[in-house]
>>> print(open('input.csv').read())   # CSV, C-alpha atoms and all ligand atoms
chain,number,residue,atom,x,y,z
A,1,MET,CA,-11.1,-2.9,-3.7
A,2,ARG,CA,-10.7,-6.7,-3.3
A,3,LEU,CA,-11.9,-8.3,-0.1
A,4,ASP,CA,-11.0,-11.9,0.9
A,5,TYR,CA,-12.4,-13.8,3.9
A,6,LEU,CA,-10.7,-16.8,5.4
A,7,THR,CA,-13.3,-18.7,7.5
A,8,ILE,CA,-14.5,-22.1,8.5
A,9,PHE,CA,-18.1,-20.7,8.2
A,10,PRO,CA,-18.3,-19.3,4.7
A,11,ASP,CA,-22.2,-19.2,5.0
A,12,TYR,CA,-21.8,-16.3,7.5
A,13,PHE,CA,-20.9,-14.1,4.5
A,14,ALA,CA,-24.1,-14.7,2.5
A,15,PRO,CA,-25.3,-11.2,3.4
A,16,LEU,CA,-22.5,-9.8,1.2
A,17,GLU,CA,-24.7,-10.8,-1.8
A,18,LEU,CA,-27.5,-8.7,-0.4
A,19,SER,CA,-28.5,-5.1,-0.9
A,20,LEU,CA,-25.9,-2.4,-1.0
A,21,PRO,CA,-22.6,-4.3,-0.7
A,22,GLY,CA,-24.0,-6.7,-3.4
A,23,LYS,CA,-24.8,-3.7,-5.6
A,24,ALA,CA,-21.3,-2.4,-5.1
A,25,ALA,CA,-19.9,-5.8,-6.2
A,26,ALA,CA,-22.3,-5.9,-9.2
A,27,GLY,CA,-21.1,-2.4,-10.1
A,28,GLY,CA,-17.5,-3.6,-10.1
A,29,LEU,CA,-16.5,-1.3,-7.2
A,30,VAL,CA,-15.6,-4.2,-4.9
A,31,GLU,CA,-14.9,-7.9,-5.3
A,32,PHE,CA,-15.8,-10.3,-2.4
A,33,HIS,CA,-14.0,-13.7,-2.2
A,34,VAL,CA,-15.0,-16.0,0.6
A,35,HIS,CA,-12.8,-19.0,1.2
A,36,ASP,CA,-13.4,-22.1,3.3
A,37,LEU,CA,-10.2,-22.4,5.4
A,38,ARG,CA,-10.6,-26.2,5.4
A,39,LYS,CA,-9.7,-26.1,1.7
A,40,TRP,CA,-6.1,-25.8,3.0
A,41,THR,CA,-6.2,-28.9,5.3
A,42,HIS,CA,-4.9,-32.3,4.2
A,43,ASP,CA,-6.1,-34.8,6.7
A,44,ARG,CA,-9.3,-36.8,6.6
A,45,HIS,CA,-11.0,-34.7,9.2
A,46,ARG,CA,-10.0,-31.4,7.7
A,47,THR,CA,-8.6,-30.3,11.0
A,48,VAL,CA,-8.1,-26.5,11.6
A,49,ASP,CA,-7.6,-26.6,15.4
A,50,ASP,CA,-5.4,-28.2,18.1
A,51,THR,CA,-4.8,-28.1,21.8
A,52,PRO,CA,-3.0,-25.1,23.3
A,53,TYR,CA,0.7,-25.3,24.3
A,54,GLY,CA,0.8,-24.5,28.1
A,55,GLY,CA,-2.5,-26.2,28.7
A,56,GLY,CA,-5.9,-24.6,29.4
A,57,ALA,CA,-9.4,-24.9,28.1
A,58,GLY,CA,-10.4,-24.8,24.5
A,59,MET,CA,-8.7,-25.2,21.2
A,60,VAL,CA,-6.4,-22.9,19.1
A,61,MET,CA,-6.5,-22.5,15.3
A,62,LYS,CA,-3.4,-24.1,13.8
A,63,PRO,CA,-1.1,-22.0,11.7
A,64,GLU,CA,-0.6,-24.2,8.6
A,65,PRO,CA,-4.1,-23.7,6.9
A,66,PHE,CA,-3.7,-19.9,7.2
A,67,GLY,CA,-0.1,-20.0,5.8
A,68,GLU,CA,-1.2,-22.1,2.8
A,69,ALA,CA,-4.2,-19.8,2.2
A,70,PHE,CA,-1.9,-16.7,2.3
A,71,ASP,CA,0.4,-18.4,-0.3
A,72,ALA,CA,-2.5,-19.5,-2.5
A,73,LEU,CA,-4.1,-16.0,-2.4
A,74,GLY,CA,-0.9,-14.3,-3.1
A,75,ILE,CA,-1.0,-12.1,0.0
A,76,GLY,CA,1.7,-9.5,-0.4
A,77,ALA,CA,2.6,-5.9,0.3
A,78,ASP,CA,-0.5,-4.6,-1.5
A,79,ALA,CA,-2.7,-6.3,1.1
A,80,THR,CA,-3.9,-5.4,4.6
A,81,VAL,CA,-4.6,-8.5,6.7
A,82,VAL,CA,-7.3,-7.9,9.3
A,83,PHE,CA,-7.6,-10.1,12.3
A,84,THR,CA,-10.8,-9.5,14.2
A,85,THR,CA,-10.2,-10.1,17.9
A,86,PRO,CA,-11.5,-8.7,21.2
A,87,SER,CA,-7.9,-7.8,22.0
A,88,GLY,CA,-7.5,-5.6,18.9
A,89,GLU,CA,-7.5,-1.8,18.5
A,90,PRO,CA,-11.1,-0.5,18.7
A,91,PHE,CA,-12.9,-0.2,15.4
A,92,ASP,CA,-14.3,3.3,14.8
A,93,GLN,CA,-15.2,5.6,11.9
A,94,ARG,CA,-11.6,6.9,11.6
A,95,LEU,CA,-10.3,3.3,11.2
A,96,ALA,CA,-13.1,2.5,8.6
A,97,ALA,CA,-12.0,5.6,6.6
A,98,GLU,CA,-8.4,4.5,6.8
A,99,LEU,CA,-9.2,0.9,5.6
A,100,SER,CA,-11.3,2.3,2.8
A,101,THR,CA,-8.1,3.7,1.2
A,102,ARG,CA,-6.6,0.1,0.8
A,103,SER,CA,-6.7,-1.8,-2.4
A,104,ARG,CA,-7.0,-5.3,-0.8
A,105,LEU,CA,-8.4,-6.4,2.6
A,106,VAL,CA,-8.0,-10.0,3.8
A,107,PHE,CA,-10.1,-10.9,6.8
A,108,ALA,CA,-8.7,-13.8,8.8
A,109,CYS,CA,-11.6,-15.0,11.0
A,110,GLY,CA,-10.7,-16.9,14.1
A,111,ARG,CA,-12.9,-19.3,16.1
A,112,TYR,CA,-12.3,-21.3,19.3
A,113,GLU,CA,-9.8,-19.5,21.6
A,114,GLY,CA,-8.2,-17.7,18.7
A,115,ILE,CA,-5.4,-18.1,16.1
A,116,ASP,CA,-1.8,-19.3,16.7
A,117,GLN,CA,0.1,-16.1,17.3
A,118,ARG,CA,2.7,-17.0,14.7
A,119,VAL,CA,0.1,-16.5,11.9
A,120,ILE,CA,-0.1,-12.9,12.9
A,121,GLU,CA,3.7,-12.6,13.1
A,122,HIS,CA,4.0,-14.3,9.7
A,123,ALA,CA,1.4,-12.1,8.1
A,124,ARG,CA,3.3,-9.0,9.3
A,125,GLU,CA,6.3,-10.2,7.3
A,126,ARG,CA,4.3,-10.1,4.0
A,127,ALA,CA,1.6,-7.6,4.4
A,128,GLU,CA,0.2,-4.8,6.6
A,129,VAL,CA,-1.6,-6.3,9.6
A,130,ARG,CA,-4.4,-4.8,11.7
A,131,GLU,CA,-5.9,-6.5,14.8
A,132,ILE,CA,-9.3,-5.0,15.2
A,133,SER,CA,-12.0,-5.2,17.9
A,134,LEU,CA,-15.6,-4.3,17.4
A,135,GLY,CA,-16.0,-3.5,21.0
A,136,ASP,CA,-15.6,-4.9,24.5
A,137,TYR,CA,-17.8,-7.9,24.3
A,138,VAL,CA,-17.1,-11.4,23.2
A,139,LEU,CA,-18.4,-13.0,20.0
A,140,ASN,CA,-18.0,-16.7,19.1
A,141,GLY,CA,-15.7,-15.9,16.2
A,142,GLY,CA,-14.4,-13.2,13.9
A,143,GLU,CA,-17.0,-13.5,11.2
A,144,VAL,CA,-19.6,-11.1,12.4
A,145,ALA,CA,-16.9,-8.5,13.2
A,146,ALA,CA,-15.5,-8.9,9.7
A,147,LEU,CA,-18.9,-8.3,8.2
A,148,ALA,CA,-19.4,-5.2,10.3
A,149,VAL,CA,-16.0,-3.8,9.3
A,150,THR,CA,-16.8,-4.6,5.7
A,151,GLU,CA,-20.1,-2.7,5.7
A,152,ALA,CA,-18.5,0.3,7.4
A,153,VAL,CA,-15.6,0.3,4.9
A,154,VAL,CA,-17.4,-0.4,1.6
A,155,ARG,CA,-19.9,2.4,2.0
A,156,LEU,CA,-17.1,4.9,2.2
A,157,LEU,CA,-15.6,3.9,-1.2
A,158,PRO,CA,-15.8,6.7,-3.7
A,159,GLY,CA,-18.7,5.9,-6.0
A,160,PHE,CA,-20.7,3.8,-3.5
A,161,MET,CA,-24.4,4.7,-4.0
A,162,GLY,CA,-23.9,8.5,-4.3
A,163,ASN,CA,-22.4,8.7,-0.8
A,164,ALA,CA,-21.0,12.2,-1.6
A,165,GLU,CA,-23.2,14.4,0.7
A,166,SER,CA,-24.8,11.8,2.9
A,167,LEU,CA,-21.5,10.9,4.4
A,168,VAL,CA,-20.8,14.5,5.6
A,169,GLU,CA,-23.8,14.6,7.9
A,170,GLU,CA,-23.1,11.2,9.5
A,171,SER,CA,-23.0,10.4,13.1
A,172,HIS,CA,-19.6,11.4,14.5
A,173,ALA,CA,-18.7,13.9,11.7
A,174,ASP,CA,-18.9,16.7,14.3
A,175,GLY,CA,-18.0,14.4,17.3
A,176,LEU,CA,-21.6,14.5,18.5
A,177,LEU,CA,-24.3,11.8,18.4
A,178,GLU,CA,-27.1,12.3,16.0
A,179,TYR,CA,-30.2,14.3,17.0
A,180,PRO,CA,-33.6,12.6,17.1
A,181,VAL,CA,-35.4,12.4,13.7
A,182,TYR,CA,-39.2,12.4,12.9
A,183,THR,CA,-41.4,11.9,9.8
A,184,LYS,CA,-45.1,12.0,9.1
A,185,PRO,CA,-47.7,11.8,10.7
A,186,PRO,CA,-47.3,14.9,12.9
A,187,SER,CA,-49.1,13.1,15.7
A,188,TRP,CA,-48.9,9.3,16.3
A,189,ARG,CA,-50.2,7.3,19.3
A,190,GLY,CA,-50.2,10.4,21.5
A,191,HIS,CA,-46.7,11.4,20.6
A,192,ASP,CA,-46.2,14.7,18.7
A,193,VAL,CA,-43.4,15.9,16.4
A,194,PRO,CA,-41.8,18.9,18.1
A,195,ASP,CA,-43.4,22.1,16.8
A,196,VAL,CA,-40.1,23.7,15.9
A,197,LEU,CA,-39.4,21.0,13.3
A,198,ARG,CA,-42.6,21.9,11.5
A,199,SER,CA,-42.1,25.6,11.8
A,200,GLY,CA,-40.0,26.1,8.6
A,201,ASP,CA,-37.6,28.3,10.5
A,202,HIS,CA,-34.3,26.8,9.4
A,203,ALA,CA,-32.2,28.6,12.1
A,204,ARG,CA,-34.4,27.4,14.9
A,205,VAL,CA,-34.4,23.8,13.5
A,206,ALA,CA,-30.6,23.8,13.3
A,207,ALA,CA,-30.4,25.2,16.9
A,208,TRP,CA,-32.9,22.5,18.2
A,209,ARG,CA,-31.0,19.7,16.4
A,210,HIS,CA,-27.6,20.9,17.8
A,211,ASP,CA,-29.0,21.2,21.3
A,212,HIS,CA,-30.4,17.7,21.2
A,213,ALA,CA,-27.3,16.3,19.7
A,214,VAL,CA,-25.3,17.8,22.6
A,215,ARG,CA,-27.8,16.6,25.2
A,216,ARG,CA,-27.7,13.0,23.9
A,217,THR,CA,-23.9,13.1,23.8
A,218,VAL,CA,-23.6,14.4,27.4
A,219,GLU,CA,-26.1,11.7,28.6
A,220,ARG,CA,-25.0,8.7,26.6
A,221,ARG,CA,-21.4,9.2,25.4
A,222,PRO,CA,-19.7,11.8,27.7
A,223,ASP,CA,-16.4,10.3,26.6
A,224,LEU,CA,-16.9,11.9,23.1
A,225,LEU,CA,-16.9,15.4,24.6
A,226,ALA,CA,-13.8,17.3,25.5
A,227,PRO,CA,-12.8,15.9,28.8
A,228,SER,CA,-13.1,18.0,31.9
A,229,VAL,CA,-9.9,19.8,32.7
A,230,LEU,CA,-8.3,21.4,35.7
A,231,ASP,CA,-7.1,25.0,35.6
A,232,ASP,CA,-3.6,23.9,34.5
A,233,GLY,CA,-5.1,21.8,31.6
A,234,SER,CA,-4.7,18.4,33.2
A,235,PRO,CA,-7.6,16.3,31.8
A,236,ILE,CA,-9.8,14.2,34.0
A,237,VAL,CA,-9.8,10.8,32.3
A,238,ARG,CA,-11.4,7.4,32.9
A,239,ALA,CA,-9.3,5.2,35.2
A,240,VAL,CA,-7.7,2.1,33.7
A,241,PRO,CA,-6.8,-1.1,35.6
A,242,ALA,CA,-3.2,0.0,35.7
A,243,ASP,CA,-4.2,2.9,37.9
A,244,ALA,CA,-5.2,0.6,40.8
A,245,GLY,CA,-1.9,0.8,42.6
A,246,GLU,CA,-1.8,4.6,42.7
A,247,LEU,CA,-5.5,4.7,43.7
A,248,LEU,CA,-4.7,2.4,46.6
A,249,THR,CA,-1.8,4.7,47.7
A,250,LEU,CA,-4.0,7.9,47.2
A,251,GLN,CA,-6.9,6.5,49.2
A,252,ARG,CA,-4.8,5.4,52.1
A,253,ALA,CA,-3.3,8.9,52.2
A,254,CYS,CA,-6.7,10.6,52.0
A,255,TRP,CA,-8.6,8.5,54.5
A,256,VAL,CA,-5.9,8.7,57.2
A,257,ALA,CA,-6.8,12.4,57.4
A,258,GLU,CA,-10.5,11.4,57.5
A,259,ALA,CA,-9.7,8.9,60.3
A,260,LEU,CA,-8.0,11.6,62.4
A,261,GLU,CA,-10.8,14.1,61.8
A,262,ASN,CA,-13.5,11.6,62.7
A,263,ASP,CA,-11.5,9.8,65.4
A,264,SER,CA,-12.2,6.4,63.9
A,265,LEU,CA,-10.3,3.8,61.9
A,266,ASP,CA,-13.5,2.1,60.9
A,267,ILE,CA,-13.4,3.4,57.3
A,268,PRO,CA,-13.5,0.8,54.5
A,269,ALA,CA,-11.2,2.8,52.2
A,270,LEU,CA,-8.4,2.5,54.8
A,271,HIS,CA,-8.6,-1.3,54.9
A,272,GLU,CA,-8.8,-2.2,51.3
A,273,THR,CA,-6.1,-4.2,49.5
A,274,LEU,CA,-4.9,-3.8,45.9
A,275,ASP,CA,-7.3,-6.6,44.9
A,276,ASP,CA,-10.2,-4.8,46.6
A,277,VAL,CA,-9.4,-1.7,44.5
A,278,ARG,CA,-9.2,-3.7,41.3
A,279,ALA,CA,-12.5,-5.3,42.1
A,280,TRP,CA,-14.4,-2.0,42.8
A,281,MET,CA,-12.9,-0.4,39.7
A,282,THR,CA,-14.9,-3.0,37.6
A,283,GLU,CA,-18.1,-1.9,39.2
A,284,TRP,CA,-17.7,1.9,39.4
A,285,ASP,CA,-17.2,4.6,36.7
A,286,THR,CA,-13.9,5.8,38.0
A,287,TRP,CA,-12.1,9.0,36.9
A,288,VAL,CA,-8.6,10.1,37.6
A,289,VAL,CA,-6.4,13.2,37.1
A,290,ARG,CA,-2.7,13.3,36.8
A,291,ARG,CA,-0.3,16.1,37.3
A,292,ALA,CA,3.3,15.6,35.9
A,293,ASP,CA,2.7,11.8,35.6
A,294,ARG,CA,1.5,11.5,39.2
A,295,LEU,CA,-2.1,10.4,40.0
A,296,VAL,CA,-3.3,13.3,42.2
A,297,GLY,CA,-7.0,13.0,42.2
A,298,ALA,CA,-9.9,10.6,41.6
A,299,VAL,CA,-13.6,10.1,41.9
A,300,ARG,CA,-16.1,7.3,41.2
A,301,GLY,CA,-19.8,7.0,40.5
A,302,ARG,CA,-22.4,4.3,39.9
A,303,LEU,CA,-26.1,4.0,39.6
A,304,GLU,CA,-28.1,2.8,42.5
A,305,GLY,CA,-31.7,2.7,41.2
A,306,ASN,CA,-32.2,6.2,39.9
A,307,ALA,CA,-29.6,7.8,42.2
A,308,TRP,CA,-26.0,8.4,41.0
A,309,ASP,CA,-23.9,7.2,43.9
A,310,ILE,CA,-20.8,9.4,44.2
A,311,GLY,CA,-17.7,8.4,46.2
A,312,ARG,CA,-14.0,8.3,46.8
A,313,ILE,CA,-13.4,11.9,45.9
A,314,MET,CA,-9.7,12.1,46.6
A,315,VAL,CA,-7.1,14.8,46.3
A,316,ALA,CA,-3.4,14.3,47.0
A,317,PRO,CA,-2.6,15.8,50.5
A,318,ASP,CA,-0.2,18.4,49.1
A,319,LEU,CA,-2.7,19.7,46.6
A,320,GLN,CA,-5.7,20.0,48.9
A,321,GLY,CA,-7.5,23.4,49.3
A,322,GLN,CA,-7.0,24.4,45.6
A,323,GLY,CA,-10.4,23.5,44.3
A,324,LEU,CA,-9.5,20.1,42.8
A,325,GLY,CA,-12.1,18.3,44.8
A,326,ARG,CA,-14.8,20.7,43.6
A,327,VAL,CA,-13.8,20.1,40.0
A,328,LEU,CA,-13.9,16.3,40.5
A,329,LEU,CA,-17.3,16.6,42.1
A,330,GLU,CA,-18.6,18.6,39.2
A,331,HIS,CA,-17.2,16.2,36.7
A,332,ILE,CA,-18.7,13.1,38.3
A,333,GLN,CA,-22.1,14.8,38.2
A,334,ALA,CA,-21.7,15.7,34.6
A,335,VAL,CA,-21.0,12.1,33.5
A,336,ALA,CA,-24.0,10.6,35.4
A,337,PRO,CA,-26.1,8.5,33.0
A,338,GLU,CA,-29.5,9.6,31.7
A,339,GLN,CA,-31.4,7.5,34.3
A,340,ALA,CA,-29.9,9.4,37.2
A,341,THR,CA,-32.5,11.7,38.8
A,342,SER,CA,-30.5,12.5,41.9
A,343,TYR,CA,-27.0,12.5,43.3
A,344,LEU,CA,-26.1,10.7,46.5
A,345,LEU,CA,-22.9,10.7,48.6
A,346,PHE,CA,-21.8,10.3,52.1
A,347,THR,CA,-18.9,11.6,54.2
A,348,GLY,CA,-17.6,11.5,57.7
A,349,ALA,CA,-20.1,13.1,60.2
A,350,ALA,CA,-17.2,15.3,61.4
A,351,SER,CA,-15.6,16.1,58.1
A,352,VAL,CA,-16.5,19.8,58.1
A,353,ARG,CA,-14.4,20.8,55.1
A,354,ASN,CA,-16.2,18.2,53.0
A,355,HIS,CA,-19.6,19.3,54.3
A,356,ARG,CA,-18.8,22.9,53.2
A,357,MET,CA,-17.7,21.8,49.7
A,358,TYR,CA,-20.8,19.6,49.2
A,359,LYS,CA,-23.1,22.3,50.5
A,360,LYS,CA,-21.7,24.8,48.1
A,361,ALA,CA,-22.2,22.3,45.3
A,362,GLY,CA,-25.9,22.2,46.2
A,363,PHE,CA,-26.0,19.0,48.3
A,364,ARG,CA,-28.2,18.8,51.4
A,365,MET,CA,-27.6,16.8,54.5
A,366,ARG,CA,-30.0,13.9,54.8
A,367,PRO,CA,-29.9,12.7,58.5
A,368,ASP,CA,-33.2,10.9,57.6
A,369,LEU,CA,-31.4,8.5,55.3
A,370,PRO,CA,-29.4,5.5,56.6
A,371,ALA,CA,-25.6,6.0,56.5
A,372,PRO,CA,-22.6,4.0,57.6
A,373,ALA,CA,-21.6,4.4,61.3
A,374,GLY,CA,-20.1,7.8,61.8
A,375,ALA,CA,-21.1,9.1,58.4
A,376,VAL,CA,-23.8,11.3,57.0
A,377,MET,CA,-25.7,11.1,53.7
A,378,LEU,CA,-26.1,14.1,51.4
A,379,THR,CA,-28.3,14.3,48.3
A,380,LYS,CA,-29.0,16.7,45.5
A,381,GLY,CA,-31.7,16.6,42.7
A,382,ARG,CA,-30.5,16.5,39.2
A,383,ARG,CA,-31.3,19.8,37.2
B,401,LIG,C1,-12.3,-16.0,17.7
B,401,LIG,N1,-13.7,-15.8,19.5
B,401,LIG,C2,-12.6,-13.5,17.0
B,401,LIG,C3,-14.2,-9.7,18.4
B,401,LIG,N2,-15.0,-7.4,19.1
B,401,LIG,C4,-14.9,-8.8,19.2
B,401,LIG,N3,-15.6,-9.5,20.1
B,401,LIG,N4,-15.4,-10.8,19.9
B,401,LIG,C5,-14.5,-10.9,18.9
B,401,LIG,C6,-14.0,-12.2,18.4
B,401,LIG,C7,-14.2,-13.3,19.2
B,401,LIG,C8,-13.6,-14.6,18.9
B,401,LIG,C9,-12.8,-14.7,17.8
B,401,LIG,C10,-12.9,-16.7,18.8
B,401,LIG,C11,-13.2,-12.3,17.3
>>> encode(input="input.csv", output="C-alpha cells", more="lines below")
Ligand code: JCZ
Amino acid sequence: MRLDYLTIFPDYFAPLELSLPGKAAAGGLVEFHVHDLRKWTHDRHRTVDDTPYGGGAGMVMKPEPFGEAFDALGIGADATVVFTTPSGEPFDQRLAAELSTRSRLVFACGRYEGIDQRVIEHARERAEVREISLGDYVLNGGEVAALAVTEAVVRLLPGFMGNAESLVEESHADGLLEYPVYTKPPSWRGHDVPDVLRSGDHARVAAWRHDHAVRRTVERRPDLLAPSVLDDGSPIVRAVPADAGELLTLQRACWVAEALENDSLDIPALHETLDDVRAWMTEWDTWVVRRADRLVGAVRGRLEGNAWDIGRIMVAPDLQGQGLGRVLLEHIQAVAPEQATSYLLFTGAASVRNHRMYKKAGFRMRPDLPAPAGAVMLTKGRR
C-alpha cells in the first residue's frame, strides 16, 4: 500500500518513521510519502489560504495547490483520497478494514476553516473520495486524524507484525468492549487480581471475561448493544436534531392531558418553543421510538450529581395504555451512565396513572424532596 499526505505541516508525520508503521515501511509493506502542500504554490509568500466567499470568520484553503498536487502525484482511479473533516462519516473499525483493501490512500489534510469544496468535487472526478471524521470534536487540522486513520489501517494489512490471531480478539470483534486485564503481581497497592483469573479454570475465566465485557458495554457504550425494541420490533433510538419538531408536537399533545388531569396550565413542557426543544436536546440523552414513520414515543435522561434524572416520558395519545411508557422507562434506566447510583423523576401530583406505572417499576414517592409546584418527586436506587 502507498500512502500520500498533503499537508502544510509535514513535521506532524514524523511518527510514521517510528515503531510499527516504520517497521512496516522498512519491510516494504507500505510506503509513506509526506508532501508539503506549499511546494505547489507559486507566490513569494507560498499562500495556501484565502478569504471565504460569502464572508465570515477565518480562512479557506485555496484549490490550486491541491489540484497541482493531485496532478504531480498522478492521482487516478487506483487511489482513494481521504479528507479528514469533522463533517465526514464516522471512522470505525469497519471503515479501517475497508480502507486496508485499497492500494493507494491519499490524505488531504485541511487547516483553517477547511478546504474549498471544489477540491473534493474535483477529486471525485479522478479517484474514490472518502470524507472521514474521527469523532465529534474539533481538531485544529486534519493531520492528527490522518495519522490515526493510518495507524488503524496499516496494522490490518496482511503481513503486518504477525497480526493473524491478535486481530481476532480485538475490541469490537464481538461488538462488546474489552474486559479488564491484569498481570503480575497478584496484589498491588491493596488491589488484588480477581481470584477466578488465577484459578486455571478456563470456562470460569471465559464466563468472567464475557460478563465484564457486557457490563462495561452496558455502562459505557449502550449504543453498541442491540437497541431496546417494542413488541412490534420498533427500535428505541437516540433522538437526532431533526426530531425536534415532532418532539414539540408530541409533548404538547401529552402535556395537555396532564394539564387537564392536574387542573393547571403551569407545566413547562406546554410552553416550550421549537428552539427550547432544540436547546434541551443538546443537554439531555434523548431517545425516540417511531411506528410507521411517525414519532410516537420519547424519553430523556441526564446526570444530576449521582442521580439519573428521567423526564419527558411521552406516548402518542392514540397509543397510550399499551405499555409503551413502561418500555421507555425501562430503556432510559438501562442507558444510565456508570456514575448513576439512583433514578429520579417527577410527575403531576394528580397524575395517578403515571404514579401507578412508576410504582410498578420500583419508584417510591418522595414528598420529602423539593418538587415543582403541583408535582411530586419519585426515586429509585440503582440495582
Ligand atoms: C481542518 N480544522 C480537518 C476532524 N474528527 C475531526 N475533528 N476535527 C477534524 C478536523 C478539523 C479541522 C480540519 C481545520 C479536520
>>> atom_distance(input="input.csv", atom1="atom CA of A:Pro86", atom2="atom CA of A:Val144")
12.2 Å
>>> atom_distance(input="input.csv", atom1="atom CA of A:Leu177", atom2="atom CA of A:Ile236")
21.4 Å
>>> closest_residue(input="input.csv", among="A:Pro21, A:Pro10, A:Gly58, A:Gly374", to="ligand LIG 401 (chain B)", atoms="only C-alpha atoms and all ligand atoms")
A:Gly58
>>> residues_around(input="input.csv", residues="A:Tyr12", least_positions_apart="5", cutoff="9 Å", atoms="only C-alpha atoms", output="PDB file with C-alpha atoms, keeping the file's coordinate frame")
ATOM      1  CA  THR A   7     -13.300 -18.700   7.500  1.00  0.00           C
ATOM      2  CA  GLU A 143     -17.000 -13.500  11.200  1.00  0.00           C
ATOM      3  CA  VAL A 144     -19.600 -11.100  12.400  1.00  0.00           C
ATOM      4  CA  LEU A 147     -18.900  -8.300   8.200  1.00  0.00           C
TER       5      LEU A 147
END
>>> residues_around(input="input.csv", residues="stretch 241-251 of chain A", least_positions_apart="6", cutoff="7 Å", atoms="all atoms listed in the file", output="short mmCIF file (atom, residue, chain, number, x, y, z; two decimals) with C-alpha atoms, keeping the file's coordinate frame")
data_model
loop_
_atom_site.label_atom_id
_atom_site.label_comp_id
_atom_site.auth_asym_id
_atom_site.auth_seq_id
_atom_site.Cartn_x
_atom_site.Cartn_y
_atom_site.Cartn_z
CA ALA A 269 -11.20 2.80 52.20
CA LEU A 274 -4.90 -3.80 45.90
CA VAL A 277 -9.40 -1.70 44.50
CA ARG A 278 -9.20 -3.70 41.30
CA LEU A 295 -2.10 10.40 40.00
CA MET A 314 -9.70 12.10 46.60
CA ALA A 316 -3.40 14.30 47.00
#
>>> atom_distance(input="input.csv", atom1="atom CA of A:Met365", atom2="atom CA of A:Tyr343")
12.0 Å
>>> closest_residue(input="input.csv", among="A:Gly301, A:Pro227, A:Pro65, A:Pro90", to="ligand LIG 401 (chain B)", atoms="all atoms listed in the file")
A:Pro90
>>> residues_around(input="input.csv", residues="A:Leu37", least_positions_apart="6", cutoff="8 Å", atoms="all atoms listed in the file", output="ChimeraX atom specification")
/A:6-8,48,65-66,69
>>> decode(input="input.csv", residues="stretch 243-258 of chain A", atoms="N, CA and C atoms", output="tab-separated table (two decimals), in the first residue's frame")
chain	number	residue	atom	x	y	z
A	243	ASP	N	-35.45	15.55	14.92
A	243	ASP	CA	-36.65	15.08	15.62
A	243	ASP	C	-37.33	16.20	16.42
A	244	ALA	N	-36.69	17.36	16.52
A	244	ALA	CA	-37.18	18.40	17.43
A	244	ALA	C	-38.64	18.79	17.16
A	245	GLY	N	-38.99	18.93	15.88
A	245	GLY	CA	-40.36	19.36	15.54
A	245	GLY	C	-41.40	18.36	16.02
A	246	GLU	N	-41.14	17.08	15.76
A	246	GLU	CA	-42.09	16.05	16.19
A	246	GLU	C	-42.14	15.92	17.71
A	247	LEU	N	-40.98	16.13	18.36
A	247	LEU	CA	-40.97	16.10	19.82
A	247	LEU	C	-41.84	17.22	20.39
A	248	LEU	N	-41.75	18.40	19.76
A	248	LEU	CA	-42.57	19.54	20.20
A	248	LEU	C	-44.05	19.19	20.07
A	249	THR	N	-44.43	18.64	18.94
A	249	THR	CA	-45.83	18.26	18.72
A	249	THR	C	-46.28	17.22	19.76
A	250	LEU	N	-45.43	16.21	19.97
A	250	LEU	CA	-45.78	15.13	20.89
A	250	LEU	C	-45.90	15.66	22.32
A	251	GLN	N	-44.99	16.53	22.73
A	251	GLN	CA	-45.06	16.99	24.12
A	251	GLN	C	-46.27	17.89	24.36
A	252	ARG	N	-46.65	18.68	23.35
A	252	ARG	CA	-47.88	19.48	23.52
A	252	ARG	C	-49.08	18.54	23.68
A	253	ALA	N	-49.13	17.51	22.86
A	253	ALA	CA	-50.27	16.57	22.94
A	253	ALA	C	-50.30	15.89	24.30
A	254	CYS	N	-49.14	15.48	24.79
A	254	CYS	CA	-49.09	14.73	26.04
A	254	CYS	C	-49.38	15.61	27.25
A	255	TRP	N	-48.84	16.81	27.24
A	255	TRP	CA	-48.98	17.61	28.45
A	255	TRP	C	-50.30	18.40	28.53
A	256	VAL	N	-51.06	18.42	27.45
A	256	VAL	CA	-52.43	18.94	27.57
A	256	VAL	C	-53.23	18.00	28.48
A	257	ALA	N	-53.05	16.69	28.28
A	257	ALA	CA	-53.74	15.72	29.13
A	257	ALA	C	-53.31	15.89	30.59
A	258	GLU	N	-52.02	16.12	30.79
A	258	GLU	CA	-51.51	16.35	32.15
A	258	GLU	C	-52.14	17.60	32.75
